[in-house]
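**Student:** Sharing final_3.cif here; it has mmCIF, C-alpha atoms and all ligand atoms.
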```cif
data_model
#
loop_
_atom_site.group_PDB
_atom_site.id
_atom_site.type_symbol
_atom_site.label_atom_id
_atom_site.label_comp_id
_atom_site.auth_asym_id
_atom_site.auth_seq_id
_atom_site.Cartn_x
_atom_site.Cartn_y
_atom_site.Cartn_z
ATOM 1 C CA MET A 99 -9.693 99.945 -34.671
ATOM 2 C CA LYS A 100 -6.004 100.761 -35.040
ATOM 3 C CA THR A 101 -3.925 97.750 -34.032
ATOM 4 C CA ILE A 102 -0.215 97.323 -33.418
ATOM 5 C CA ASP A 103 2.339 94.589 -32.711
ATOM 6 C CA LEU A 104 5.136 95.384 -30.276
ATOM 7 C CA HIS A 105 7.059 92.123 -30.544
ATOM 8 C CA ALA A 106 8.506 90.871 -33.824
ATOM 9 C CA HIS A 107 11.764 89.283 -34.985
ATOM 10 C CA THR A 108 13.518 89.571 -38.330
ATOM 11 C CA THR A 109 16.343 87.777 -40.136
ATOM 12 C CA PHE A 110 18.708 89.899 -38.030
ATOM 13 C CA SER A 111 17.960 87.451 -35.202
ATOM 14 C CA ASP A 112 15.895 84.283 -35.536
ATOM 15 C CA GLY A 113 12.967 85.470 -37.637
ATOM 16 C CA THR A 114 12.587 84.491 -41.294
ATOM 17 C CA PHE A 115 11.268 87.827 -42.618
ATOM 18 C CA THR A 116 13.713 90.588 -43.477
ATOM 19 C CA PRO A 117 12.880 93.951 -41.879
ATOM 20 C CA THR A 118 11.443 95.047 -45.241
ATOM 21 C CA GLU A 119 9.284 91.921 -45.496
ATOM 22 C CA LEU A 120 8.096 92.462 -41.941
ATOM 23 C CA ILE A 121 6.975 96.007 -42.775
ATOM 24 C CA LEU A 122 5.192 94.751 -45.901
ATOM 25 C CA GLU A 123 3.466 92.111 -43.772
ATOM 26 C CA ALA A 124 2.299 94.824 -41.363
ATOM 27 C CA LYS A 125 0.933 96.784 -44.307
ATOM 28 C CA LYS A 126 -0.835 93.716 -45.707
ATOM 29 C CA LYS A 127 -2.400 93.028 -42.326
ATOM 30 C CA ASN A 128 -3.413 96.640 -41.842
ATOM 31 C CA ILE A 129 -1.318 97.004 -38.684
ATOM 32 C CA SER A 130 -0.537 100.641 -37.887
ATOM 33 C CA ALA A 131 2.654 100.233 -35.889
ATOM 34 C CA VAL A 132 5.147 97.434 -35.401
ATOM 35 C CA ALA A 133 8.221 97.105 -33.194
ATOM 36 C CA ILE A 134 11.280 95.186 -34.342
ATOM 37 C CA THR A 135 12.540 93.428 -31.214
ATOM 38 C CA ASP A 136 15.401 91.241 -32.387
ATOM 39 C CA HIS A 137 17.373 89.243 -29.834
ATOM 40 C CA ASP A 138 20.398 91.199 -28.596
ATOM 41 C CA THR A 139 20.734 93.274 -31.756
ATOM 42 C CA VAL A 140 19.470 96.484 -33.346
ATOM 43 C CA ASN A 141 21.039 95.802 -36.727
ATOM 44 C CA GLY A 142 17.696 95.376 -38.490
ATOM 45 C CA LEU A 143 16.432 98.826 -37.619
ATOM 46 C CA ASP A 144 18.119 100.872 -40.360
ATOM 47 C CA GLU A 145 16.541 98.737 -43.079
ATOM 48 C CA GLY A 146 13.281 98.679 -41.121
ATOM 49 C CA TYR A 147 13.062 102.468 -40.993
ATOM 50 C CA ILE A 148 13.630 102.820 -44.741
ATOM 51 C CA ALA A 149 10.858 100.315 -45.489
ATOM 52 C CA ALA A 150 8.557 101.801 -42.855
ATOM 53 C CA GLU A 151 8.835 105.272 -44.319
ATOM 54 C CA LYS A 152 8.162 104.009 -47.842
ATOM 55 C CA ASN A 153 5.110 102.062 -46.773
ATOM 56 C CA ASN A 154 3.682 104.454 -44.252
ATOM 57 C CA ILE A 155 3.969 102.091 -41.294
ATOM 58 C CA GLU A 156 5.032 103.367 -37.894
ATOM 59 C CA LEU A 157 8.147 101.468 -36.835
ATOM 60 C CA ILE A 158 9.006 101.375 -33.138
ATOM 61 C CA THR A 159 12.634 100.954 -32.115
ATOM 62 C CA GLY A 160 12.964 97.812 -30.036
ATOM 63 C CA ILE A 161 15.203 95.030 -28.786
ATOM 64 C CA GLU A 162 14.788 91.837 -26.756
ATOM 65 C CA PHE A 163 17.592 90.979 -24.352
ATOM 66 C CA SER A 164 18.110 87.354 -23.350
ATOM 67 C CA CYS A 165 19.050 87.555 -19.704
ATOM 68 C CA PHE A 166 20.099 84.745 -17.488
ATOM 69 C CA ILE A 167 19.998 84.542 -13.740
ATOM 70 C CA ASN A 168 19.697 81.690 -11.225
ATOM 71 C CA ASN A 169 19.418 79.286 -14.165
ATOM 72 C CA MET A 170 16.441 81.221 -15.469
ATOM 73 C CA ASP A 171 16.178 82.600 -18.967
ATOM 74 C CA ILE A 172 14.416 85.954 -18.541
ATOM 75 C CA HIS A 173 13.760 88.249 -21.489
ATOM 76 C CA ILE A 174 13.659 92.026 -21.274
ATOM 77 C CA LEU A 175 12.185 94.141 -24.043
ATOM 78 C CA GLY A 176 13.328 97.692 -24.652
ATOM 79 C CA TYR A 177 11.460 100.330 -26.662
ATOM 80 C CA MET A 178 11.957 103.816 -28.025
ATOM 81 C CA PHE A 179 15.607 104.246 -27.094
ATOM 82 C CA ASP A 180 18.509 105.764 -29.009
ATOM 83 C CA TYR A 181 19.543 102.721 -31.000
ATOM 84 C CA ARG A 182 22.727 104.367 -32.269
ATOM 85 C CA SER A 183 23.987 105.033 -28.746
ATOM 86 C CA LYS A 184 27.615 104.133 -28.060
ATOM 87 C CA ILE A 185 26.702 102.717 -24.638
ATOM 88 C CA LEU A 186 24.307 100.294 -26.316
ATOM 89 C CA LYS A 187 26.784 99.360 -29.033
ATOM 90 C CA ASP A 188 29.485 98.565 -26.455
ATOM 91 C CA SER A 189 27.114 96.412 -24.412
ATOM 92 C CA LEU A 190 25.997 94.499 -27.487
ATOM 93 C CA VAL A 191 29.618 93.812 -28.418
ATOM 94 C CA ASP A 192 30.220 92.408 -24.905
ATOM 95 C CA ILE A 193 27.142 90.208 -25.132
ATOM 96 C CA ALA A 194 28.227 88.920 -28.544
ATOM 97 C CA SER A 195 31.756 88.075 -27.410
ATOM 98 C CA SER A 196 30.570 86.226 -24.333
ATOM 99 C CA ARG A 197 28.362 84.150 -26.648
ATOM 100 C CA VAL A 198 31.327 83.349 -28.877
ATOM 101 C CA GLU A 199 33.288 82.070 -25.857
ATOM 102 C CA ARG A 200 30.342 79.967 -24.736
ATOM 103 C CA ASN A 201 29.885 78.571 -28.234
ATOM 104 C CA LYS A 202 33.520 77.513 -28.434
ATOM 105 C CA LYS A 203 33.208 75.647 -25.127
ATOM 106 C CA MET A 204 29.979 73.941 -26.178
ATOM 107 C CA LEU A 205 31.460 72.989 -29.534
ATOM 108 C CA LYS A 206 34.467 71.382 -27.837
ATOM 109 C CA LYS A 207 32.243 69.365 -25.514
ATOM 110 C CA LEU A 208 30.196 68.149 -28.461
ATOM 111 C CA ASN A 209 33.320 67.219 -30.418
ATOM 112 C CA ASP A 210 34.575 65.339 -27.353
ATOM 113 C CA VAL A 211 31.517 63.082 -27.368
ATOM 114 C CA GLY A 212 31.909 62.413 -31.074
ATOM 115 C CA ILE A 213 29.624 65.010 -32.626
ATOM 116 C CA ASP A 214 31.721 66.059 -35.567
ATOM 117 C CA ILE A 215 30.583 69.600 -36.289
ATOM 118 C CA SER A 216 32.804 72.618 -36.881
ATOM 119 C CA TYR A 217 32.498 76.321 -36.224
ATOM 120 C CA GLU A 218 31.949 76.771 -39.973
ATOM 121 C CA ASP A 219 28.988 74.379 -39.833
ATOM 122 C CA LEU A 220 27.442 76.604 -37.181
ATOM 123 C CA LEU A 221 28.115 79.758 -39.154
ATOM 124 C CA CYS A 222 26.356 78.174 -42.128
ATOM 125 C CA GLU A 223 23.170 78.075 -40.064
ATOM 126 C CA THR A 224 23.153 81.828 -39.420
ATOM 127 C CA ASN A 225 22.754 84.779 -41.749
ATOM 128 C CA GLY A 226 25.906 86.224 -40.320
ATOM 129 C CA ASN A 227 24.029 86.729 -37.061
ATOM 130 C CA SER A 228 24.796 85.254 -33.692
ATOM 131 C CA ILE A 229 25.039 81.546 -33.053
ATOM 132 C CA THR A 230 22.630 80.245 -30.404
ATOM 133 C CA ARG A 231 21.718 76.712 -29.401
ATOM 134 C CA SER A 232 19.198 76.828 -32.210
ATOM 135 C CA GLN A 233 22.034 76.842 -34.781
ATOM 136 C CA PHE A 234 23.811 74.063 -32.881
ATOM 137 C CA ALA A 235 20.608 72.015 -33.158
ATOM 138 C CA ASP A 236 20.362 72.726 -36.895
ATOM 139 C CA ALA A 237 23.962 71.652 -37.465
ATOM 140 C CA ILE A 238 23.628 68.477 -35.373
ATOM 141 C CA LEU A 239 20.448 67.596 -37.250
ATOM 142 C CA LYS A 240 21.992 68.294 -40.656
ATOM 143 C CA LYS A 241 24.875 65.932 -39.900
ATOM 144 C CA GLY A 242 22.359 63.217 -39.102
ATOM 145 C CA TYR A 243 23.165 62.671 -35.417
ATOM 146 C CA VAL A 244 19.503 63.165 -34.523
ATOM 147 C CA SER A 245 16.233 62.948 -36.407
ATOM 148 C CA SER A 246 14.708 66.229 -35.248
ATOM 149 C CA LYS A 247 15.724 69.563 -33.839
ATOM 150 C CA ASN A 248 13.856 68.789 -30.665
ATOM 151 C CA GLN A 249 15.879 65.605 -30.253
ATOM 152 C CA ALA A 250 19.084 67.627 -30.613
ATOM 153 C CA PHE A 251 17.922 69.766 -27.694
ATOM 154 C CA LYS A 252 16.930 66.738 -25.627
ATOM 155 C CA LYS A 253 20.134 64.801 -26.185
ATOM 156 C CA TYR A 254 22.773 67.501 -26.416
ATOM 157 C CA LEU A 255 21.592 71.041 -25.768
ATOM 158 C CA CYS A 256 19.221 71.008 -22.818
ATOM 159 C CA GLU A 257 20.159 72.417 -19.459
ATOM 160 C CA GLY A 258 21.326 69.311 -17.657
ATOM 161 C CA CYS A 259 22.812 67.727 -20.786
ATOM 162 C CA LYS A 260 26.502 66.864 -20.389
ATOM 163 C CA THR A 261 27.398 68.883 -23.472
ATOM 164 C CA TYR A 262 25.425 71.979 -22.429
ATOM 165 C CA VAL A 263 27.262 75.131 -21.439
ATOM 166 C CA LYS A 264 25.254 77.874 -19.830
ATOM 167 C CA ARG A 265 25.456 81.435 -21.033
ATOM 168 C CA ASP A 266 27.143 84.005 -18.824
ATOM 169 C CA ASP A 267 24.827 85.387 -16.219
ATOM 170 C CA MET A 268 23.406 88.635 -17.498
ATOM 171 C CA PRO A 269 20.971 89.741 -14.825
ATOM 172 C CA PRO A 270 17.722 91.231 -16.119
ATOM 173 C CA SER A 271 18.421 94.225 -13.871
ATOM 174 C CA ASP A 272 21.458 95.041 -16.075
ATOM 175 C CA SER A 273 19.335 95.099 -19.231
ATOM 176 C CA VAL A 274 16.669 97.186 -17.542
ATOM 177 C CA SER A 275 19.299 99.725 -16.393
ATOM 178 C CA LEU A 276 20.873 99.811 -19.820
ATOM 179 C CA ILE A 277 17.584 100.510 -21.614
ATOM 180 C CA GLU A 278 16.765 103.155 -19.067
ATOM 181 C CA LYS A 279 20.190 104.745 -19.522
ATOM 182 C CA ILE A 280 19.719 105.105 -23.285
ATOM 183 C CA GLY A 281 16.331 106.721 -22.855
ATOM 184 C CA GLY A 282 14.124 103.708 -23.502
ATOM 185 C CA ILE A 283 11.207 101.900 -21.887
ATOM 186 C CA PRO A 284 12.224 98.590 -20.263
ATOM 187 C CA VAL A 285 9.495 95.929 -20.229
ATOM 188 C CA LEU A 286 9.421 92.410 -18.794
ATOM 189 C CA ALA A 287 8.754 90.099 -21.782
ATOM 190 C CA HIS A 288 6.188 87.255 -21.713
ATOM 191 C CA PRO A 289 6.100 86.765 -17.908
ATOM 192 C CA LEU A 290 4.220 83.486 -18.198
ATOM 193 C CA ARG A 291 7.008 81.736 -20.023
ATOM 194 C CA TYR A 292 9.268 81.380 -16.991
ATOM 195 C CA ASN A 293 7.352 78.759 -15.009
ATOM 196 C CA LEU A 294 6.791 81.290 -12.257
ATOM 197 C CA THR A 295 3.653 81.677 -10.177
ATOM 198 C CA PHE A 296 1.883 85.041 -10.254
ATOM 199 C CA GLU A 297 3.353 85.782 -6.813
ATOM 200 C CA GLU A 298 6.835 85.060 -8.123
ATOM 201 C CA ILE A 299 6.229 87.265 -11.166
ATOM 202 C CA ASP A 300 5.135 90.038 -8.828
ATOM 203 C CA ARG A 301 8.321 89.599 -6.811
ATOM 204 C CA LEU A 302 10.477 89.648 -9.962
ATOM 205 C CA VAL A 303 8.774 92.826 -11.138
ATOM 206 C CA LYS A 304 9.288 94.487 -7.759
ATOM 207 C CA LYS A 305 12.982 93.606 -7.935
ATOM 208 C CA LEU A 306 13.319 95.232 -11.360
ATOM 209 C CA ILE A 307 11.391 98.430 -10.678
ATOM 210 C CA PRO A 308 14.260 100.101 -8.787
ATOM 211 C CA TYR A 309 16.408 99.586 -11.916
ATOM 212 C CA GLY A 310 13.829 101.310 -14.097
ATOM 213 C CA LEU A 311 11.325 98.678 -15.237
ATOM 214 C CA GLN A 312 8.309 100.468 -16.700
ATOM 215 C CA GLY A 313 6.097 97.802 -18.180
ATOM 216 C CA ILE A 314 4.973 94.189 -18.483
ATOM 217 C CA GLU A 315 4.167 92.410 -21.729
ATOM 218 C CA THR A 316 0.596 91.388 -21.004
ATOM 219 C CA ILE A 317 -1.004 90.620 -24.347
ATOM 220 C CA TYR A 318 0.742 87.562 -25.781
ATOM 221 C CA PRO A 319 -0.342 84.448 -27.697
ATOM 222 C CA LYS A 320 -1.802 81.413 -25.947
ATOM 223 C CA LEU A 321 -2.706 83.191 -22.709
ATOM 224 C CA SER A 322 -6.036 82.609 -21.001
ATOM 225 C CA LYS A 323 -8.330 85.415 -19.974
ATOM 226 C CA LYS A 324 -7.404 84.732 -16.377
ATOM 227 C CA ASP A 325 -3.677 84.897 -17.139
ATOM 228 C CA ILE A 326 -4.128 88.304 -18.733
ATOM 229 C CA GLU A 327 -6.219 89.581 -15.836
ATOM 230 C CA GLU A 328 -3.629 88.440 -13.299
ATOM 231 C CA ILE A 329 -0.789 90.092 -15.204
ATOM 232 C CA GLU A 330 -2.850 93.255 -15.664
ATOM 233 C CA ASN A 331 -3.336 93.356 -11.906
ATOM 234 C CA ILE A 332 0.361 92.956 -11.264
ATOM 235 C CA ALA A 333 1.000 95.833 -13.689
ATOM 236 C CA LYS A 334 -1.652 98.025 -12.107
ATOM 237 C CA ASN A 335 -0.521 97.353 -8.528
ATOM 238 C CA ASN A 336 3.043 98.211 -9.439
ATOM 239 C CA ASN A 337 2.151 101.241 -11.500
ATOM 240 C CA LEU A 338 3.500 99.746 -14.731
ATOM 241 C CA ILE A 339 2.221 100.095 -18.272
ATOM 242 C CA ILE A 340 1.153 97.051 -20.253
ATOM 243 C CA THR A 341 2.389 96.152 -23.723
ATOM 244 C CA GLY A 342 1.613 93.365 -26.149
ATOM 245 C CA GLY A 343 2.741 91.569 -29.242
ATOM 246 C CA SER A 344 2.752 88.304 -31.139
ATOM 247 C CA ASP A 345 6.468 87.418 -30.873
ATOM 248 C CA PHE A 346 6.373 86.984 -34.634
ATOM 249 C CA HIS A 347 9.232 84.889 -36.102
ATOM 250 C CA GLY A 348 7.915 84.336 -39.641
ATOM 251 C CA ASN A 349 8.101 80.699 -40.722
ATOM 252 C CA ALA A 350 10.184 79.849 -37.655
ATOM 253 C CA LYS A 351 6.911 79.887 -35.676
ATOM 254 C CA PRO A 352 4.359 78.335 -38.028
ATOM 255 C CA ASN A 353 0.754 79.565 -37.813
ATOM 256 C CA LEU A 354 1.706 82.553 -35.690
ATOM 257 C CA GLU A 355 0.538 85.702 -37.469
ATOM 258 C CA LEU A 356 1.847 89.224 -37.083
ATOM 259 C CA GLY A 357 -0.629 91.311 -35.096
ATOM 260 C CA SER A 358 -3.088 88.509 -34.442
ATOM 261 C CA GLY A 359 -1.129 85.570 -33.001
ATOM 262 C CA TYR A 360 -2.565 82.071 -33.265
ATOM 263 C CA ASN A 361 -6.098 82.157 -34.738
ATOM 264 C CA ASN A 362 -6.636 85.759 -33.691
ATOM 265 C CA ASP A 363 -5.886 85.083 -30.038
ATOM 266 C CA ILE A 364 -4.351 88.526 -29.562
ATOM 267 C CA SER A 365 -5.190 92.070 -30.546
ATOM 268 C CA VAL A 366 -3.111 95.001 -29.375
ATOM 269 C CA HIS A 367 -4.703 98.417 -29.443
ATOM 270 C CA TYR A 368 -2.881 101.560 -30.578
ATOM 271 C CA ASP A 369 -3.821 103.158 -27.224
ATOM 272 C CA LEU A 370 -1.052 101.156 -25.534
ATOM 273 C CA LEU A 371 1.474 102.835 -27.784
ATOM 274 C CA GLU A 372 0.048 106.272 -26.955
ATOM 275 C CA LYS A 373 0.668 105.518 -23.273
ATOM 276 C CA MET A 374 4.254 104.510 -24.029
ATOM 277 C CA LYS A 375 4.820 107.765 -25.859
ATOM 278 C CA LEU A 376 3.849 109.675 -22.719
ATOM 279 C CA LYS A 377 6.618 107.963 -20.759
HETATM 280 P P1 LIG B 401 20.588 80.086 -26.261
HETATM 281 O O1 LIG B 401 20.210 81.550 -26.097
HETATM 282 O O2 LIG B 401 21.858 79.905 -27.014
HETATM 283 O O3 LIG B 401 20.585 79.344 -24.970
HETATM 284 O O4 LIG B 401 19.479 79.407 -27.197
HETATM 285 C C1 LIG B 401 18.195 79.871 -27.297
HETATM 286 C C2 LIG B 401 17.613 79.437 -28.630
HETATM 287 O O5 LIG B 401 17.299 78.050 -28.601
HETATM 288 C C3 LIG B 401 16.287 80.172 -28.907
HETATM 289 O O6 LIG B 401 16.198 80.465 -30.294
HETATM 290 C C4 LIG B 401 15.246 79.134 -28.531
HETATM 291 O O7 LIG B 401 14.053 79.329 -29.246
HETATM 292 C C5 LIG B 401 15.940 77.853 -28.933
HETATM 293 N N1 LIG B 401 15.417 76.697 -28.178
HETATM 294 C C6 LIG B 401 15.511 76.469 -26.846
HETATM 295 N N2 LIG B 401 14.964 75.262 -26.521
HETATM 296 C C7 LIG B 401 14.514 74.710 -27.694
HETATM 297 C C8 LIG B 401 13.857 73.494 -28.064
HETATM 298 N N3 LIG B 401 13.551 72.548 -27.158
HETATM 299 N N4 LIG B 401 13.562 73.277 -29.369
HETATM 300 C C9 LIG B 401 13.888 74.199 -30.316
HETATM 301 N N5 LIG B 401 14.504 75.379 -30.035
HETATM 302 C C10 LIG B 401 14.806 75.650 -28.753
HETATM 303 MN MN MN B 402 13.403 83.996 -30.932
HETATM 304 MN MN MN B 403 11.468 86.029 -25.630
HETATM 305 MN MN MN B 404 10.773 87.376 -28.856
#
```
Take the structure from the file and write it as structure tokens.
Ligand code: AMP
Ligand code: MN
Ligand code: MN
Ligand code: MN
**Tutor:**
Amino acid sequence: MKTIDLHAHTTFSDGTFTPTELILEAKKKNISAVAITDHDTVNGLDEGYIAAEKNNIELITGIEFSCFINNMDIHILGYMFDYRSKILKDSLVDIASSRVERNKKMLKKLNDVGIDISYEDLLCETNGNSITRSQFADAILKKGYVSSKNQAFKKYLCEGCKTYVKRDDMPPSDSVSLIEKIGGIPVLAHPLRYNLTFEEIDRLVKKLIPYGLQGIETIYPKLSKKDIEEIENIAKNNNLIITGGSDFHGNAKPNLELGSGYNNDISVHYDLLEKMKLK
């Protein structure tokens, strides 16, 4: 059986494998096609395509947008779009600068309560990529203010913490429209990670369809058979395709394997990709 993985991160966002290493991992695991879906960036794709061609792996252009609405972090995946498009580039620049503003505010709040970290400390935690709360947590931990990354989130970085600053609202409908505009396939990522009921997921999907939503990520690690059936039904009833992937992050998500998830709890068939190509 030809298997694929439509959700993987590289060092260009918060994964630990370079695009080349990711392609080599796909080859090692006998995975026919893999999508690079870095958070809010397409910068890993050029390297990915060079490695993919060399190693005879089918690379799928992808991205994962972190959207934010009504205090909810919703992720939208995009596939098979023109990743060199000027419209996309401009939007990504806007997203990056709004993050920089947010980071400056959060840094000031942390400094005000005595957490002595600098912008340089945060930059040290990235590979020249964007700074998220994850890098704040790393820096706070490194300076010894907490004893674990999780504690950094609990004490300083959680929604509801005094030193937390929320990201600018970026409605998922905007990301869906953008992906549609550049010729791609917009997909709602991991619908069961938002603490929504199936009814609420259905409502969210129905809201996004007029903007161009075409699919739901249905095969994903740690889902029960019932979860998958419910999501499949939502997809079917709304005339959407289903996609699937491991959300691979390399060593940043220990024990999660490309293509197979945790202990082989996922398997994504090449057929799903064929359906996407017909879109
Ligand atoms: P941001 O987009 O800046 O709000 O931060 C999101 C980043 O923080 C993502 O990489 C998440 O995986 C990470 N994150 C959120 N909550 C936690 C947590 N409790 N422990 C570790 N990482 C987290
Ligand atoms: Mn991530
Ligand atoms: Mn996600
Ligand atoms: Mn992801």
**Student:** Take CA of Asp266 (chain A) and CA of Ile193 (chain A) and report the distance between them in Å, one decimal.
**Tutor:** 8.8 Å
**Student:** Kindly assemble as JSON lines a list of the chain A residues that lie within 10 Å of ligand MN 403 (chain B), each paired with its nearest atom pair and their distance in Å to one decimal, using only C-alpha atoms and all ligand atoms, sorted first by chain and then by ascending residue number.
**Tutor:**
```
{"residue": "A:His105", "atom": "CA", "partner": "B:MN403", "partner_atom": "MN", "distance": 9.0}
{"residue": "A:Ala106", "atom": "CA", "partner": "B:MN403", "partner_atom": "MN", "distance": 10.0}
{"residue": "A:His107", "atom": "CA", "partner": "B:MN403", "partner_atom": "MN", "distance": 9.9}
{"residue": "A:Thr135", "atom": "CA", "partner": "B:MN403", "partner_atom": "MN", "distance": 9.3}
{"residue": "A:Asp136", "atom": "CA", "partner": "B:MN403", "partner_atom": "MN", "distance": 9.4}
{"residue": "A:His137", "atom": "CA", "partner": "B:MN403", "partner_atom": "MN", "distance": 7.9}
{"residue": "A:Glu162", "atom": "CA", "partner": "B:MN403", "partner_atom": "MN", "distance": 6.8}
{"residue": "A:Phe163", "atom": "CA", "partner": "B:MN403", "partner_atom": "MN", "distance": 8.0}
{"residue": "A:Ser164", "atom": "CA", "partner": "B:MN403", "partner_atom": "MN", "distance": 7.1}
{"residue": "A:Cys165", "atom": "CA", "partner": "B:MN403", "partner_atom": "MN", "distance": 9.7}
{"residue": "A:Asp171", "atom": "CA", "partner": "B:MN403", "partner_atom": "MN", "distance": 8.9}
{"residue": "A:Ile172", "atom": "CA", "partner": "B:MN403", "partner_atom": "MN", "distance": 7.7}
{"residue": "A:His173", "atom": "CA", "partner": "B:MN403", "partner_atom": "MN", "distance": 5.2}
{"residue": "A:Ile174", "atom": "CA", "partner": "B:MN403", "partner_atom": "MN", "distance": 7.7}
{"residue": "A:Leu175", "atom": "CA", "partner": "B:MN403", "partner_atom": "MN", "distance": 8.3}
{"residue": "A:Leu286", "atom": "CA", "partner": "B:MN403", "partner_atom": "MN", "distance": 9.6}
{"residue": "A:Ala287", "atom": "CA", "partner": "B:MN403", "partner_atom": "MN", "distance": 6.2}
{"residue": "A:His288", "atom": "CA", "partner": "B:MN403", "partner_atom": "MN", "distance": 6.7}
{"residue": "A:Pro289", "atom": "CA", "partner": "B:MN403", "partner_atom": "MN", "distance": 9.4}
{"residue": "A:Arg291", "atom": "CA", "partner": "B:MN403", "partner_atom": "MN", "distance": 8.4}
{"residue": "A:Asp345", "atom": "CA", "partner": "B:MN403", "partner_atom": "MN", "distance": 7.4}
```
**Student:** Within 12 Å of (17.0, 103.1, -39.9), only C-alpha atoms: residues as a PyMOL selection string?
**Tutor:** chain A and resi 117-118+134+140-152+157-160+180-182
**Student:** Give the answer as one residue: which of A:Thr108, A:Ile167, A:Leu220, A:Glu298 has the shortest atom-to-atom distance to Ser271 (chain A), using all atoms listed in the file?
**Tutor:** A:Ile167
**Student:** List the spatial neighbours of Ser232 (chain A) as a list in words - criterion: any atom at most 12 Å away, all atoms listed in the file, same-chain residues fewer than 5 positions off excluded.
**Tutor:**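 Final neighbour list, sorted by chain and number: Ser111, Asp112, Gly113, Asn201, Leu220, Leu221, Glu223, Thr224, Ala237, Ile238, Leu239, Ser246, Lys247, Asn248, Gln249, Ala250, Phe251, Tyr254, Leu255, Cys256 and Ala350 of chain A.
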**Student:** Would you mind exporting the chosen residues as an mmCIF file, in the coordinates of the input, restricted to C-alpha atoms?
**Tutor:**
```
data_model
loop_
_atom_site.group_PDB
_atom_site.id
_atom_site.type_symbol
_atom_site.label_atom_id
_atom_site.label_comp_id
_atom_site.auth_asym_id
_atom_site.auth_seq_id
_atom_site.Cartn_x
_atom_site.Cartn_y
_atom_site.Cartn_z
ATOM 1 C CA SER A 111 17.960 87.451 -35.202
ATOM 2 C CA ASP A 112 15.895 84.283 -35.536
ATOM 3 C CA GLY A 113 12.967 85.470 -37.637
ATOM 4 C CA ASN A 201 29.885 78.571 -28.234
ATOM 5 C CA LEU A 220 27.442 76.604 -37.181
ATOM 6 C CA LEU A 221 28.115 79.758 -39.154
ATOM 7 C CA GLU A 223 23.170 78.075 -40.064
ATOM 8 C CA THR A 224 23.153 81.828 -39.420
ATOM 9 C CA ALA A 237 23.962 71.652 -37.465
ATOM 10 C CA ILE A 238 23.628 68.477 -35.373
ATOM 11 C CA LEU A 239 20.448 67.596 -37.250
ATOM 12 C CA SER A 246 14.708 66.229 -35.248
ATOM 13 C CA LYS A 247 15.724 69.563 -33.839
ATOM 14 C CA ASN A 248 13.856 68.789 -30.665
ATOM 15 C CA GLN A 249 15.879 65.605 -30.253
ATOM 16 C CA ALA A 250 19.084 67.627 -30.613
ATOM 17 C CA PHE A 251 17.922 69.766 -27.694
ATOM 18 C CA TYR A 254 22.773 67.501 -26.416
ATOM 19 C CA LEU A 255 21.592 71.041 -25.768
ATOM 20 C CA CYS A 256 19.221 71.008 -22.818
ATOM 21 C CA ALA A 350 10.184 79.849 -37.655
#
```
**Student:** For CA of Asp214 (chain A) and CA of Ala194 (chain A), determine how far apart the two atoms are, in Å to one decimal place.
**Tutor:**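 Distance reported for this atom pair: 24.2 Å.
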**Student:** Place N, CA, C and O atoms on region 302-309 of chain A and deliver the coordinates as a PDB file, keeping the file's coordinate frame.
**Tutor:**
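Below is the file that was written, part_32.pdb:
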```pdb
ATOM      1  N   LEU A 302       9.471  89.318  -8.944  1.00  0.00           N
ATOM      2  CA  LEU A 302      10.477  89.648  -9.962  1.00  0.00           C
ATOM      3  C   LEU A 302      10.314  91.094 -10.427  1.00  0.00           C
ATOM      4  O   LEU A 302      11.282  91.854 -10.533  1.00  0.00           O
ATOM      5  N   VAL A 303       9.073  91.464 -10.686  1.00  0.00           N
ATOM      6  CA  VAL A 303       8.774  92.826 -11.138  1.00  0.00           C
ATOM      7  C   VAL A 303       9.229  93.846 -10.090  1.00  0.00           C
ATOM      8  O   VAL A 303       9.873  94.851 -10.408  1.00  0.00           O
ATOM      9  N   LYS A 304       8.912  93.557  -8.836  1.00  0.00           N
ATOM     10  CA  LYS A 304       9.288  94.487  -7.759  1.00  0.00           C
ATOM     11  C   LYS A 304      10.800  94.632  -7.646  1.00  0.00           C
ATOM     12  O   LYS A 304      11.309  95.685  -7.272  1.00  0.00           O
ATOM     13  N   LYS A 305      11.522  93.541  -7.961  1.00  0.00           N
ATOM     14  CA  LYS A 305      12.982  93.606  -7.935  1.00  0.00           C
ATOM     15  C   LYS A 305      13.518  94.491  -9.051  1.00  0.00           C
ATOM     16  O   LYS A 305      14.566  95.118  -8.916  1.00  0.00           O
ATOM     17  N   LEU A 306      12.803  94.510 -10.194  1.00  0.00           N
ATOM     18  CA  LEU A 306      13.319  95.232 -11.360  1.00  0.00           C
ATOM     19  C   LEU A 306      12.905  96.704 -11.392  1.00  0.00           C
ATOM     20  O   LEU A 306      13.531  97.507 -12.082  1.00  0.00           O
ATOM     21  N   ILE A 307      11.875  97.039 -10.657  1.00  0.00           N
ATOM     22  CA  ILE A 307      11.391  98.430 -10.678  1.00  0.00           C
ATOM     23  C   ILE A 307      12.465  99.434 -10.235  1.00  0.00           C
ATOM     24  O   ILE A 307      12.649 100.457 -10.888  1.00  0.00           O
ATOM     25  N   PRO A 308      13.222  99.136  -9.176  1.00  0.00           N
ATOM     26  CA  PRO A 308      14.260 100.101  -8.787  1.00  0.00           C
ATOM     27  C   PRO A 308      15.304 100.343  -9.879  1.00  0.00           C
ATOM     28  O   PRO A 308      15.965 101.379  -9.894  1.00  0.00           O
ATOM     29  N   TYR A 309      15.450  99.408 -10.821  1.00  0.00           N
ATOM     30  CA  TYR A 309      16.408  99.586 -11.916  1.00  0.00           C
ATOM     31  C   TYR A 309      15.793 100.344 -13.080  1.00  0.00           C
ATOM     32  O   TYR A 309      16.483 100.692 -14.032  1.00  0.00           O
TER      33      TYR A 309
END
```
